[in-house]
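> For reference, the file run_10.cif (mmCIF, C-alpha atoms and all ligand atoms) is included below:
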data_run
#
loop_
_atom_site.label_atom_id
_atom_site.label_comp_id
_atom_site.auth_asym_id
_atom_site.auth_seq_id
_atom_site.Cartn_x
_atom_site.Cartn_y
_atom_site.Cartn_z
CA MET A 1463 -36.43 19.30 8.85
CA LEU A 1464 -33.99 17.46 10.99
CA PHE A 1465 -34.45 14.05 9.65
CA SER A 1466 -34.83 13.05 6.09
CA PRO A 1467 -36.74 9.89 6.75
CA SER A 1468 -34.99 6.77 5.72
CA ARG A 1469 -37.08 4.03 4.23
CA ARG A 1470 -36.84 1.98 7.36
CA HIS A 1471 -37.92 4.86 9.47
CA TRP A 1472 -40.74 5.72 7.12
CA THR A 1473 -42.07 2.22 7.32
CA SER A 1474 -41.95 2.05 11.07
CA ALA A 1475 -43.53 5.47 11.42
CA ILE A 1476 -46.43 4.42 9.24
CA ARG A 1477 -46.80 1.22 11.17
CA LEU A 1478 -46.90 3.12 14.41
CA ALA A 1479 -49.10 5.78 12.97
CA ILE A 1480 -51.60 3.14 12.06
CA THR A 1481 -51.42 1.31 15.33
CA LEU A 1482 -51.15 4.25 17.64
CA PHE A 1483 -52.66 7.29 16.11
CA GLY A 1484 -56.01 8.11 17.63
CA LEU A 1485 -55.56 5.55 20.33
CA PRO A 1486 -54.38 6.59 23.73
CA LEU A 1487 -50.76 5.57 24.11
CA THR A 1488 -50.75 3.41 27.13
CA ALA A 1489 -48.48 0.82 28.59
CA SER A 1490 -47.12 0.09 25.14
CA THR A 1491 -44.93 3.14 25.47
CA SER A 1492 -43.26 2.33 28.71
CA GLY A 1493 -40.52 4.88 28.84
CA ALA A 1494 -37.26 3.84 27.37
CA ARG A 1495 -34.16 4.44 29.34
CA PRO A 1496 -31.75 6.34 27.20
CA ALA A 1497 -28.27 6.28 28.60
CA ALA A 1498 -27.66 9.92 28.06
CA LEU A 1499 -29.63 13.00 27.28
CA CYS A 1500 -27.82 15.88 25.76
CA ALA A 1501 -28.58 19.45 24.97
CA SER A 1502 -30.65 20.21 22.00
CA HIS A 1503 -28.68 23.24 21.08
CA HIS A 1504 -26.58 21.32 18.68
CA PHE A 1505 -29.37 22.18 16.31
CA TYR A 1506 -28.72 25.73 15.55
CA GLY A 1507 -29.29 28.15 12.77
CA THR A 1508 -32.56 28.94 11.11
CA SER A 1509 -35.09 26.33 10.23
CA LYS A 1510 -33.33 26.19 6.90
CA HIS A 1511 -29.97 25.71 8.43
CA ILE A 1512 -29.67 23.14 11.13
CA LYS A 1513 -26.22 22.23 12.10
CA PRO A 1514 -26.02 19.37 14.54
CA ILE A 1515 -22.95 18.85 16.62
CA CYS A 1516 -22.16 15.70 18.45
CA GLY A 1517 -20.04 15.12 21.44
CA ASP A 1518 -21.85 17.59 23.63
CA CYS A 1519 -22.50 14.77 25.99
CA TYR A 1520 -18.94 13.79 26.46
CA THR A 1521 -17.76 14.04 29.98
CA CYS A 1522 -15.26 16.76 30.20
CA SER A 1523 -12.78 16.23 32.94
CA ILE A 1524 -11.02 19.34 34.02
CA GLY A 1525 -10.78 18.42 37.64
CA THR A 1526 -13.93 20.15 38.74
CA MET A 1527 -17.54 19.12 39.07
CA PRO A 1528 -20.22 21.22 37.43
CA SER A 1529 -22.49 22.88 39.92
CA PRO A 1530 -25.13 25.51 39.22
CA ALA A 1531 -23.36 27.97 41.48
CA GLY A 1532 -19.81 27.12 40.41
CA PRO A 1533 -17.84 28.38 37.42
CA HIS A 1534 -18.74 27.12 33.96
CA VAL A 1535 -17.12 23.80 33.10
CA LYS A 1536 -18.15 22.69 29.62
CA SER A 1537 -17.28 26.15 28.39
CA ARG A 1538 -13.70 25.30 29.35
CA CYS A 1539 -13.52 21.79 27.89
CA PRO A 1540 -9.98 21.58 26.51
CA GLN A 1541 -10.95 20.24 23.08
CA TYR A 1542 -13.13 22.69 21.17
CA PRO A 1543 -15.92 20.77 19.32
CA GLN A 1544 -15.51 20.01 15.61
CA SER A 1545 -11.96 21.30 15.54
CA THR A 1546 -8.40 20.50 16.50
CA ILE A 1547 -8.31 23.62 18.66
CA THR A 1548 -7.31 23.30 22.31
CA ARG A 1549 -8.41 26.04 24.66
CA PHE A 1550 -6.00 27.98 26.80
CA THR A 1551 -6.36 26.38 30.24
CA VAL A 1552 -8.36 28.48 32.68
CA PRO A 1553 -8.27 27.32 36.32
CA ASP A 1554 -11.38 27.79 38.45
CA ASP A 1555 -9.96 30.77 40.29
CA LYS A 1556 -9.20 32.61 37.03
CA VAL A 1557 -12.60 32.24 35.41
CA ASP A 1558 -13.90 35.51 36.82
CA TRP A 1559 -12.94 38.49 34.64
CA ASN A 1560 -12.37 40.50 37.81
CA GLN A 1561 -9.37 38.35 38.61
CA LYS A 1562 -6.39 40.12 37.06
CA TRP A 1563 -4.49 37.66 34.89
CA PRO A 1564 -1.93 39.24 32.54
CA GLU A 1565 -0.71 35.81 31.41
CA TYR A 1566 -4.09 34.98 29.94
CA SER A 1567 -3.52 34.19 26.28
CA PRO A 1568 -6.69 32.67 24.79
CA VAL A 1569 -6.79 30.99 21.40
CA ASN A 1570 -8.64 32.91 18.67
CA HIS A 1571 -11.02 30.63 16.82
CA THR A 1572 -14.05 31.15 14.64
CA ALA A 1573 -15.16 28.07 12.71
CA PRO A 1574 -14.85 28.21 8.90
CA VAL A 1575 -18.60 27.55 8.61
CA VAL A 1576 -19.27 30.74 10.58
CA LEU A 1577 -16.72 32.79 8.62
CA LYS A 1578 -18.54 31.86 5.42
CA LYS A 1579 -21.23 34.33 6.56
CA PRO A 1580 -24.30 32.09 6.50
CA VAL A 1581 -27.61 33.84 7.27
CA TRP A 1582 -27.56 32.69 10.89
CA ALA A 1583 -24.15 34.25 11.61
CA ASP A 1584 -22.92 37.80 12.19
CA PRO A 1585 -20.07 39.25 10.15
CA ASP A 1586 -16.73 39.88 11.84
CA ILE A 1587 -16.43 42.78 14.28
CA GLY A 1588 -15.18 45.78 12.37
CA SER A 1589 -17.24 45.08 9.30
CA PHE A 1590 -20.50 45.79 11.12
CA SER A 1591 -21.68 47.67 14.18
CA PRO A 1592 -23.82 45.49 16.40
CA LYS A 1593 -25.80 47.05 19.26
CA PHE A 1594 -24.88 45.00 22.26
CA ASN A 1595 -27.08 44.63 25.35
CA ALA A 1596 -30.08 45.53 23.22
CA VAL A 1597 -32.53 44.23 20.69
CA ASP A 1598 -30.55 44.98 17.55
CA GLY A 1599 -33.00 44.97 14.67
CA PRO A 1600 -34.25 41.40 14.42
CA VAL A 1601 -31.43 40.03 16.59
CA ASP A 1602 -31.83 40.05 20.35
CA ARG A 1603 -28.38 40.79 21.75
CA SER A 1604 -29.60 41.30 25.29
CA SER A 1605 -28.69 38.73 27.90
CA PHE A 1606 -30.84 37.03 30.52
CA GLU A 1607 -27.81 37.46 32.76
CA GLY A 1608 -28.10 41.25 32.80
CA LYS A 1609 -25.77 43.74 31.16
CA TYR A 1610 -22.57 42.13 29.89
CA LYS A 1611 -19.33 43.98 29.36
CA VAL A 1612 -18.03 44.95 25.94
CA GLU A 1613 -14.27 45.27 25.62
CA SER A 1614 -12.44 46.32 22.44
CA GLU A 1615 -15.83 46.18 20.69
CA LYS A 1616 -16.28 42.55 21.73
CA PRO A 1617 -18.87 41.27 24.18
CA LEU A 1618 -17.50 39.41 27.21
CA ASN A 1619 -18.94 36.11 28.40
CA PRO A 1620 -20.93 36.96 31.56
CA ARG A 1621 -19.72 33.79 33.29
CA GLY A 1622 -16.07 34.52 32.69
CA ARG A 1623 -13.08 33.25 30.76
CA THR A 1624 -13.25 30.21 28.48
CA GLY A 1625 -9.71 30.09 27.05
CA LEU A 1626 -10.95 30.92 23.57
CA THR A 1627 -11.83 34.17 21.79
CA GLY A 1628 -13.83 34.67 18.62
CA ARG A 1629 -17.13 32.87 18.07
CA GLY A 1630 -16.07 29.27 17.59
CA LEU A 1631 -19.12 27.50 16.21
CA LEU A 1632 -21.60 30.13 17.33
CA GLY A 1633 -23.10 32.56 14.86
CA ARG A 1634 -23.69 35.60 17.06
CA TRP A 1635 -21.33 37.80 18.97
CA GLY A 1636 -22.65 37.81 22.54
CA PRO A 1637 -25.69 35.74 23.49
CA ASN A 1638 -26.97 33.08 21.09
CA HIS A 1639 -30.58 32.49 22.07
CA ALA A 1640 -32.15 29.05 22.06
CA ALA A 1641 -35.46 27.66 23.33
CA ASP A 1642 -36.17 24.20 24.71
CA PRO A 1643 -39.71 22.87 25.02
CA VAL A 1644 -40.19 20.08 27.54
CA VAL A 1645 -43.45 18.42 26.52
CA THR A 1646 -44.91 16.09 29.14
CA ARG A 1647 -47.80 13.75 29.80
CA TRP A 1648 -48.64 11.30 32.58
CA LYS A 1649 -47.64 7.70 32.13
CA VAL A 1650 -50.90 5.74 32.21
CA ASP A 1651 -51.95 2.12 32.14
CA ALA A 1652 -54.33 0.48 29.68
CA SER A 1653 -57.32 1.85 31.57
CA GLY A 1654 -55.91 5.37 31.50
CA ALA A 1655 -55.01 5.46 35.20
CA LYS A 1656 -51.76 7.15 36.19
CA ILE A 1657 -48.90 4.78 36.87
CA HIS A 1658 -47.16 5.44 40.18
CA HIS A 1659 -43.52 4.66 40.79
CA SER A 1660 -43.02 1.72 43.11
CA ALA A 1661 -40.46 3.52 45.26
CA SER A 1662 -41.57 7.15 45.34
CA LYS A 1663 -45.31 6.30 45.09
CA LYS A 1664 -45.62 9.36 42.89
CA PRO A 1665 -47.12 9.43 39.38
CA ILE A 1666 -44.60 9.16 36.56
CA LEU A 1667 -44.24 11.86 33.95
CA GLN A 1668 -43.03 11.20 30.43
CA PHE A 1669 -41.44 13.76 28.15
CA VAL A 1670 -40.78 13.92 24.43
CA ALA A 1671 -37.16 13.19 23.60
CA ILE A 1672 -35.53 12.96 20.21
CA LYS A 1673 -32.73 10.64 19.25
CA ARG A 1674 -30.06 12.23 17.17
CA ARG A 1675 -29.32 10.41 13.97
CA ASP A 1676 -25.67 11.39 13.92
CA CYS A 1677 -24.55 10.14 17.31
CA GLY A 1678 -27.57 8.41 18.79
CA GLU A 1679 -27.68 10.72 21.78
CA TRP A 1680 -30.98 11.80 23.30
CA ALA A 1681 -32.08 15.40 23.36
CA ILE A 1682 -34.92 17.71 24.23
CA PRO A 1683 -36.20 18.99 20.86
CA GLY A 1684 -34.97 22.57 21.07
CA GLY A 1685 -33.24 24.97 18.76
CA MET A 1686 -32.13 28.48 18.04
CA VAL A 1687 -34.47 31.45 18.11
CA ASP A 1688 -34.64 32.84 14.58
CA PRO A 1689 -34.11 36.58 14.08
CA GLY A 1690 -37.31 38.47 14.88
CA GLU A 1691 -39.01 35.37 16.22
CA GLN A 1692 -40.95 35.26 19.49
CA VAL A 1693 -39.56 32.62 21.84
CA SER A 1694 -43.06 31.16 22.18
CA LEU A 1695 -43.02 30.52 18.45
CA THR A 1696 -39.53 29.02 18.50
CA LEU A 1697 -40.66 26.53 21.13
CA GLN A 1698 -43.59 25.46 19.01
CA ARG A 1699 -41.66 25.47 15.73
CA GLU A 1700 -38.79 23.41 17.06
CA PHE A 1701 -41.13 20.90 18.59
CA SER A 1702 -43.20 20.66 15.42
CA GLU A 1703 -40.19 20.34 13.17
CA GLU A 1704 -38.48 17.74 15.22
CA ALA A 1705 -41.40 15.76 16.56
CA LEU A 1706 -43.68 16.09 13.58
CA ASN A 1707 -41.48 16.16 10.52
CA SER A 1708 -39.95 12.87 11.47
CA LEU A 1709 -43.39 11.31 11.23
CA SER A 1710 -44.81 10.13 7.98
CA VAL A 1711 -48.49 10.72 8.50
CA LYS A 1712 -51.23 11.69 6.10
CA GLN A 1713 -51.83 15.37 5.40
CA SER A 1714 -55.20 15.28 7.19
CA GLU A 1715 -53.62 13.77 10.28
CA ARG A 1716 -50.80 16.23 10.08
CA GLU A 1717 -53.28 19.10 10.28
CA ASP A 1718 -54.92 17.53 13.31
CA ILE A 1719 -51.56 17.09 15.01
CA ARG A 1720 -50.60 20.65 14.17
CA LYS A 1721 -53.78 21.92 15.83
CA ARG A 1722 -53.09 19.86 18.92
CA ILE A 1723 -49.57 21.23 19.14
CA GLN A 1724 -50.86 24.77 18.64
CA ASN A 1725 -53.39 24.33 21.43
CA LEU A 1726 -50.85 22.93 23.84
CA PHE A 1727 -48.26 25.60 23.11
CA GLY A 1728 -50.96 28.25 23.31
CA SER A 1729 -51.53 27.27 26.93
CA THR A 1730 -49.46 28.85 29.65
CA GLY A 1731 -46.39 26.72 30.02
CA PHE A 1732 -44.30 26.45 33.15
CA GLN A 1733 -41.06 28.35 32.66
CA VAL A 1734 -38.39 26.01 33.94
CA TYR A 1735 -35.26 28.03 33.24
CA LYS A 1736 -34.10 31.17 31.54
CA GLY A 1737 -30.43 32.06 31.30
CA TYR A 1738 -26.88 31.10 30.44
CA VAL A 1739 -26.08 27.58 29.24
CA ASP A 1740 -22.72 26.05 30.05
CA ASP A 1741 -22.07 24.74 26.53
CA PRO A 1742 -18.84 23.38 25.03
CA ARG A 1743 -19.20 25.81 22.14
CA ASN A 1744 -19.11 28.90 24.35
CA THR A 1745 -16.26 31.35 23.96
CA ASP A 1746 -15.14 34.55 25.64
CA ASN A 1747 -17.21 36.50 23.11
CA ALA A 1748 -20.14 34.21 22.22
CA TRP A 1749 -22.28 31.99 24.40
CA MET A 1750 -25.54 30.04 24.55
CA GLU A 1751 -28.58 31.19 26.49
CA THR A 1752 -31.90 29.41 26.61
CA VAL A 1753 -35.49 29.51 27.77
CA VAL A 1754 -36.83 26.14 28.89
CA VAL A 1755 -40.62 25.84 29.07
CA ASN A 1756 -42.70 22.85 30.10
CA PHE A 1757 -45.96 22.26 28.23
CA HIS A 1758 -47.98 19.58 29.94
CA ASP A 1759 -50.84 17.58 28.49
CA GLU A 1760 -52.64 17.00 31.78
CA ALA A 1761 -55.71 15.26 30.39
CA GLY A 1762 -53.70 13.15 27.97
CA ASP A 1763 -55.96 14.00 25.07
CA SER A 1764 -53.71 16.41 23.21
CA VAL A 1765 -50.16 15.65 22.10
CA SER A 1766 -50.14 12.57 24.31
CA GLU A 1767 -51.65 10.86 21.32
CA LEU A 1768 -48.88 11.86 18.93
CA PRO A 1769 -47.86 8.80 16.94
CA LEU A 1770 -44.35 8.74 18.30
CA GLN A 1771 -42.12 5.74 18.23
CA ALA A 1772 -42.95 3.36 21.01
CA GLY A 1773 -40.78 1.61 23.53
CA ASP A 1774 -37.21 0.82 22.73
CA ASP A 1775 -37.70 1.00 19.01
CA ALA A 1776 -34.85 2.75 17.31
CA GLY A 1777 -37.17 5.63 16.64
CA HIS A 1778 -36.24 9.25 16.52
CA VAL A 1779 -38.90 10.73 18.72
CA GLN A 1780 -40.04 9.06 21.86
CA TRP A 1781 -41.82 9.42 25.18
CA VAL A 1782 -39.29 8.85 27.93
CA ASP A 1783 -39.95 8.49 31.66
CA VAL A 1784 -38.87 11.46 33.76
CA ASP A 1785 -36.58 9.86 36.33
CA SER A 1786 -33.42 10.93 38.11
CA SER A 1787 -31.65 7.71 37.18
CA PHE A 1788 -30.99 8.84 33.62
CA GLY A 1789 -27.44 9.70 32.84
CA LEU A 1790 -28.41 13.20 31.86
CA TYR A 1791 -25.88 15.87 32.13
CA ALA A 1792 -26.30 18.31 34.92
CA SER A 1793 -28.29 21.16 33.41
CA HIS A 1794 -30.84 18.99 31.61
CA SER A 1795 -31.28 16.65 34.51
CA HIS A 1796 -31.88 19.74 36.60
CA PHE A 1797 -34.54 21.04 34.18
CA LEU A 1798 -36.45 17.77 34.33
CA GLU A 1799 -36.18 17.68 38.09
CA LEU A 1800 -37.78 21.12 38.25
CA VAL A 1801 -40.57 19.94 35.96
CA ALA A 1802 -41.15 16.85 38.11
CA ARG A 1803 -41.27 18.96 41.27
CA GLU A 1804 -43.69 21.45 39.70
CA ARG A 1805 -46.01 18.64 38.61
CA GLN A 1806 -45.55 16.70 41.87
CA ALA A 1807 -44.32 13.74 39.90
CA HIS A 1808 -41.82 11.00 40.50
CA TRP A 1809 -38.18 12.00 40.11
C1 LIG B 1 -9.32 36.13 15.03
O1 LIG B 1 -9.62 35.32 13.91
C2 LIG B 1 -10.44 35.94 12.94
C3 LIG B 1 -10.73 34.93 11.88
O2 LIG B 1 -10.80 33.65 12.40
C4 LIG B 1 -9.74 37.15 12.38
O3 LIG B 1 -10.56 37.79 11.44
C5 LIG B 1 -9.41 38.10 13.51
O4 LIG B 1 -8.66 39.19 13.00
C6 LIG B 1 -8.62 37.40 14.58
N1 LIG B 1 -8.48 38.29 15.71
C7 LIG B 1 -7.34 38.46 16.34
C8 LIG B 1 -7.37 39.42 17.48
O5 LIG B 1 -6.33 37.89 16.03
#
Since I need it in another form, could you write the structure as structure tokens?
Ligand SMILES: *[C@@H]1O[C@H](CO)[C@@H](O)[C@H](O)[C@H]1NC(C)=O


Amino acid sequence: MLFSPSRRHWTSAIRLAITLFGLPLTASTSGARPAALCASHHFYGTSKHIKPICGDCYTCSIGTMPSPAGPHVKSRCPQYPQSTITRFTVPDDKVDWNQKWPEYSPVNHTAPVVLKKPVWADPDIGSFSPKFNAVDGPVDRSSFEGKYKVESEKPLNPRGRTGLTGRGLLGRWGPNHAADPVVTRWKVDASGAKIHHSASKKPILQFVAIKRRDCGEWAIPGGMVDPGEQVSLTLQREFSEEALNSLSVKQSEREDIRKRIQNLFGSTGFQVYKGYVDDPRNTDNAWMETVVVNFHDEAGDSVSELPLQAGDDAGHVQWVDVDSSFGLYASHSHFLELVARERQAHW
């Protein structure tokens, strides 16, 4: 769904499918070292509407370092993505709504694409009556962060001010729910033995990363939870769409891969994170939340054999070594670190 395969890609996928499918992927897929890994949530909307945004990985300098406990940072990035809008500047000590700040004068912005009322977006407040802090028909408007405030009929970002009201690029008022599957396997040598890192002496994990066609940034293959959809299904659907649809394999192989994915995602994954995401698209009234789950192919006989692009090929889906030295941005690096710790792997 994400990638309409170009001819070049098609050819290389077939080549790899032939060489790799059915064979254990071994040292040939030594993890590439992408320079940056960015959030997957650029892919939002339903499976029929996927709207990628680039530039999520840009370093946003507002004189403060992101820290899990500190105030949100990317949600205050001066330049709002895909627009010429500049946020009203919110200093660290004014992020909290409890800090009285009469001078606060945020910019009102809802992207034209959202105002066009696509299926993945709510109408404007006033023309409909959403039930906040609840499951509202097919749309889950409850937050992992607990009960959020609603002021003048508008939900308030649970992590505080962002300098911008309205929904920006986000479809829903309040939480916009995403799901990120982290699919892992052990890195093994030609004989199938786990490869240990020379420094940490711990076995190395690899995870499935996708390369975005638009900006070449790396991402975990996640996406938005569709209305009425179980998160467990979103995780599987996003992974299948992004990891599988970019592959040109025969129908019979496709079925086999689908079964493998179903089996893996049917297993109990390790829930890595559930909650607010500090995302540059967040506003005072709309924000990203996600569930990150790790599905691990311990025996290496399930999705480990997916015919993904190998090595440093300019492929779109790839096994990448889990290692702290990637230039991942804070939250995603943190997710992978938690996975590595859980699996007692190298980090
Ligand atoms: C904010 O902008 C939207 C459209 O972008 C508009 O419908 C709404 O009335 C504006 N709200 C305020 C408070 O100005």

> Could you tell me how far CA of Ser1795 in chain A lies from CA of Ala1807 in chain A, in Å and to one decimal?

14.4 Å

> When you count all atoms listed in the file, which of these residues is closest to Phe1550 in chain A: A:Tyr1566, A:Trp1749, A:Phe1797, A:Phe1669?

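Of A:Tyr1566, A:Trp1749, A:Phe1797, A:Phe1669, the one nearest Phe1550 in chain A, counting all atoms listed in the file, is A:Tyr1566.
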
> Determine, using all atoms listed in the file, which residues of chain A have any atom at most 9 Å from an atom of ligand LIG 1 (chain B), and tabulate each with its shortest atom pair and distance in Å to one decimal place, rows ordered by chain and then rising number, as a tab-separated table.


residue	atom	partner	partner_atom	distance
A:Val1569	CA	B:LIG1	C1	8.6
A:Asn1570	CA	B:LIG1	C1	4.9
A:His1571	CA	B:LIG1	O2	5.4
A:Thr1572	CA	B:LIG1	O2	4.7
A:Ala1573	CA	B:LIG1	O2	7.1
A:Pro1574	CA	B:LIG1	O2	7.6
A:Leu1577	CA	B:LIG1	O2	7.1
A:Asp1586	CA	B:LIG1	O3	6.5
A:Ile1587	CA	B:LIG1	O3	8.2
A:Thr1627	CA	B:LIG1	C1	7.5
A:Gly1628	CA	B:LIG1	C1	5.9
A:Arg1629	CA	B:LIG1	O2	8.5
A:Gly1630	CA	B:LIG1	O2	8.6

> Between A:Ser1764, A:Ser1787, A:Gln1541, A:Asn1619, which has the minimum distance to Ile1719 in chain A (counting only C-alpha atoms)?

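The answer is A:Ser1764, which sits nearest to Ile1719 in chain A.
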
> Could I get the residues of range 1657-1722 of chain A with an atom no further than 9 Å from an atom of range 1589-1613 of chain A, each paired with its nearest atom pair and that distance in Å to one decimal, using only C-alpha atoms, sorted by chain and residue number, as a tab-separated table?


residue	atom	partner	partner_atom	distance
A:Asp1688	CA	A:Val1601	CA	8.1
A:Pro1689	CA	A:Pro1600	CA	4.8
A:Gly1690	CA	A:Pro1600	CA	4.3
A:Glu1691	CA	A:Pro1600	CA	7.9

> Leaving out Asn1560 in chain A and any residue of its chain fewer than 3 positions from it, which residues lie within 12 Å of it when counting all atoms listed in the file, given as a ChimeraX atom specification?

/A:1555-1557,1563-1564,1611,1618,1620-1623

> Interatomic distance between CA of Tyr1542 in chain A and CA of Gly1636 in chain A?

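The value is 17.9 Å.
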
> Of the candidates A:Arg1647, A:Glu1804, A:Pro1637, A:His1658, which one gets nearest to Glu1760 in chain A if we count all atoms listed in the file?

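Comparing A:Arg1647, A:Glu1804, A:Pro1637, A:His1658 against Glu1760 in chain A, the winner is A:Arg1647.
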
> So the first atom is CA of Glu1700 in chain A and the second is CA of Lys1673 in chain A; what is the distance between them in Å, to one decimal place?

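Atom-to-atom, CA of Glu1700 in chain A to CA of Lys1673 in chain A, that is 14.3 Å.
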
> Go through A:Asp1740, A:Asp1558, A:Asp1783, A:Asp1651 one by one, measure the shortest atom-to-atom distance of each to Thr1752 in chain A using all atoms listed in the file, and give the residue with the smallest value.

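Smallest separation from Thr1752 in chain A among the options: A:Asp1740.
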
> Find the residues near Ala1583 in chain A: any atom within 8 Å, counting all atoms listed in the file, skip ones fewer than 2 places away on the same chain, and give them as a ChimeraX atom specification.

/A:1576,1579-1581,1585,1632-1634

> Excluding Ser1702 in chain A and any residue of its chain fewer than 2 positions from it, enumerate the residues within 12 Å of it, using only C-alpha atoms, and give them as a PyMOL selection string.

chain A and resi 1463-1464+1509+1643+1645+1670+1672+1683-1685+1695-1700+1704-1709+1716-1717+1719-1724+1726-1727+1765+1768+1779

> Using all atoms listed in the file, can you tell me which of A:Lys1536, A:Lys1616, A:His1808, A:His1796 comes closest to Asn1747 in chain A?

A:Lys1616

> Using all atoms listed in the file, which of the listed residues (A:Ser1567, A:Ser1786, A:Lys1736, A:Ala1661) sits closest to Val1693 in chain A?

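Ranked by minimum distance to Val1693 in chain A, first place goes to A:Lys1736.
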
> Find the smallest box with edges along x, y and z containing every listed atom of range 1686-1704 of chain A, then add 8 Å on each side and report centre and edge lengths in Å to one decimal, as lines of an AutoDock Vina configuration file.


center_x = -37.9
center_y = 28.1
center_z = 17.7
size_x = 27.5
size_y = 36.7
size_z = 25.0
